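> Sharing a structure with you now.
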Amino acid sequence: MNIAALVSGGVDSSVMLHLLKEQGYNPTIFYILIGMKDSDGFLDCPSEEDIEITTWLAKKYGLKMEVVTLQEEYWNSVVAYTLDAVKKGLTPNPDVMCNRMIKFGSFNDKYGKDFDFISTGHYASTLSVEGTKYLATAKDKFKDQTDFLAQITYAQLQKLMFPLGGLHKSEVREIANSVKLPSAGRKDSQGICFLGKVNYNDFLRRYVGEKEGKIVELETGKILGTHSGFWFHTIGQRKGLGLSQGPWFVVKKDTAENVIYVSNGYDPLTQYSNSIRLSGFHFISGNPWENLETPRSVTFKIRHTPDFNTGMLQTTDNKIVLLADEPVSGVAAGQFAVVYDEESLICYGSGEIDWQ
């Protein structure tokens, strides 16, 4: 079997490679350069140490390794999507789009066509039901990454392997230590790769700019202060508002007037919602139901968390809607709501949260 293994130099992809070798496979290692440098060197995602570790792994296991670049594709799709979303007042998820458009999209189109499978260090798994392959959650629910994979296509899923799906993170660390992998003690990467060491707000400031606007209390209409642009703030945000007598939560944004609305208190009702409208819902392996006129019991997430919400998925006025059993906090337009079966095992797909 001809396998392309996507290795980043981190502990997860390193152990993924080790497991493939233990199973008798000889994959080709690919390190993908996606971090951007703009004309002034403002963006810089350092890759030297990652490539050094990946090269060490290739030598240890006697495998072919290629360093390939998808920087232009990443800028034109993922970075462009991120900037466009924030300008509209939406909350983007670059990681979701990177998986669909870059790791399993552009990579496969340019380098992966001759491979039977693409293997990654994601915490996810797959299962087959009556001949249909489904994306399924990992054994380690705290590390499960199916929410970042919920926009991939069925054709992409057909080629994917997730060797870590049946392991807990602690087991992965143990394996890395037992075979003395150089990444065994490395911390998990945080943040968006194309930013490198650049702060997210600094990135927005450079590419979107600043524009002073009002911070208004939703319930009273009282002006409490000013901000530098609605794109610096997300629904549910609590820190970084510069307001006294808090806590204050961002509960609404008026993008046309550049106003953000806030509510006071530790748990204001205004930051909760029972009904979540979705646009462009994407089923990974096809719609498992004949229609959604009849409400279907599901579990779901609207952000990366080990906890699942419960509710009903249905069509209302030609829109797919999630009706949560318990109110959900911080529902923001542009986020992806990821839908699972009642057992939180099969990931059916995801839709972008619409303006509520």
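Chain labels A, B, ... are given in the sequence in which chains occur in the structure tokens; within each chain residues are numbered consecutively from 1, and ligands are likewise numbered from 1 in the order shown.
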Give the alpha helix (DSSP H) residues of segment 75-304 of chain A, as assigned by DSSP on the backbone, as a PDB file with C-alpha atoms, in the first residue's frame.


ATOM      1  CA  ALA A  80      -7.874  35.167   2.299  1.00  0.00           C
ATOM      2  CA  TYR A  81     -10.878  33.363   3.831  1.00  0.00           C
ATOM      3  CA  THR A  82      -9.813  34.486   7.325  1.00  0.00           C
ATOM      4  CA  LEU A  83      -9.427  38.133   6.372  1.00  0.00           C
ATOM      5  CA  ASP A  84     -12.673  38.184   4.398  1.00  0.00           C
ATOM      6  CA  ALA A  85     -14.574  36.653   7.315  1.00  0.00           C
ATOM      7  CA  VAL A  86     -13.307  39.073   9.958  1.00  0.00           C
ATOM      8  CA  LYS A  87     -14.049  42.063   7.712  1.00  0.00           C
ATOM      9  CA  PRO A  94      -8.741  28.705   9.587  1.00  0.00           C
ATOM     10  CA  ASP A  95      -7.903  25.192  10.843  1.00  0.00           C
ATOM     11  CA  VAL A  96     -11.119  23.766   9.379  1.00  0.00           C
ATOM     12  CA  MET A  97     -10.454  25.340   5.998  1.00  0.00           C
ATOM     13  CA  CYS A  98      -6.773  24.348   6.045  1.00  0.00           C
ATOM     14  CA  PHE A 107      -1.632  18.641  -1.329  1.00  0.00           C
ATOM     15  CA  TYR A 154     -16.165  12.148   1.019  1.00  0.00           C
ATOM     16  CA  ALA A 155     -13.479  11.685  -1.662  1.00  0.00           C
ATOM     17  CA  GLN A 156     -10.895  13.089   0.759  1.00  0.00           C
ATOM     18  CA  LEU A 157     -12.142  10.879   3.605  1.00  0.00           C
ATOM     19  CA  GLN A 158     -11.754   7.778   1.424  1.00  0.00           C
ATOM     20  CA  LYS A 169      -2.561  11.426  24.257  1.00  0.00           C
ATOM     21  CA  SER A 170      -0.786   9.969  27.289  1.00  0.00           C
ATOM     22  CA  GLU A 171      -0.216   6.733  25.358  1.00  0.00           C
ATOM     23  CA  VAL A 172       1.196   8.668  22.420  1.00  0.00           C
ATOM     24  CA  ARG A 173       3.659  10.402  24.753  1.00  0.00           C
ATOM     25  CA  GLU A 174       4.611   7.036  26.254  1.00  0.00           C
ATOM     26  CA  ILE A 175       5.328   5.569  22.820  1.00  0.00           C
ATOM     27  CA  ALA A 176       7.401   8.610  21.862  1.00  0.00           C
ATOM     28  CA  ASN A 177       9.447   8.293  25.066  1.00  0.00           C
ATOM     29  CA  SER A 178       9.867   4.531  24.752  1.00  0.00           C
ATOM     30  CA  TYR A 200      -3.424  37.529  16.018  1.00  0.00           C
ATOM     31  CA  ASN A 201      -4.522  41.097  16.771  1.00  0.00           C
ATOM     32  CA  ASP A 202      -1.260  42.435  15.311  1.00  0.00           C
ATOM     33  CA  PHE A 203      -2.023  40.415  12.176  1.00  0.00           C
ATOM     34  CA  LEU A 204      -5.521  41.931  11.947  1.00  0.00           C
ATOM     35  CA  ARG A 205      -4.152  45.412  12.634  1.00  0.00           C
ATOM     36  CA  ARG A 206      -1.743  45.103   9.703  1.00  0.00           C
ATOM     37  CA  TYR A 207      -4.115  43.610   7.138  1.00  0.00           C
TER      38      TYR A 207
END

> DSSP on the backbone, then: every residue of segment 44-275 of chain A marked strand (DSSP E), written as a ChimeraX atom specification.

/A:65-69,117-119,125-129,132-136,160-161,213-217,223-227,248-254,259-264,272-275

> What lies within 12 Å of Asp354 of chain A using only C-alpha atoms, ignoring chain neighbours under 6 positions off, as a list in words?

Gly89, Leu90, Thr91, Ser275, Ile276, Arg277, Leu278, Ser279, Gly280, Phe281, Lys319, Ile320, Val321, Leu322, Val331, Ala332, Ala333, Gly334, Gln335, Phe336 and Ala337 of chain A

> Would you list the contacts of Gly240 of chain A as a PyMOL selection string, taking every protein, DNA or RNA residue within 12 Å and counting only C-alpha atoms, but skipping same-chain residues closer than 6 positions in sequence?

chain A and resi 201+226-228+232-234+246-250

> Quick one: of A:Ala136, A:Ala256, A:Leu63, A:Leu345, who's nearest to Leu17 of chain A, counting only C-alpha atoms?

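Selected residue with least distance to Leu17 of chain A: A:Leu63.
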
> Write out as a PyMOL selection string the residues lying within 12 Å of Lys21 of chain A, counting only C-alpha atoms and excluding same-chain residues fewer than 3 positions away.

chain A and resi 3+5+14-18+24-29+57-58+60-63+163

> Calculate how many Å separate atom CA of Val7 of chain A from atom CA of Ala184 of chain A, rounding to one decimal.

14.2 Å
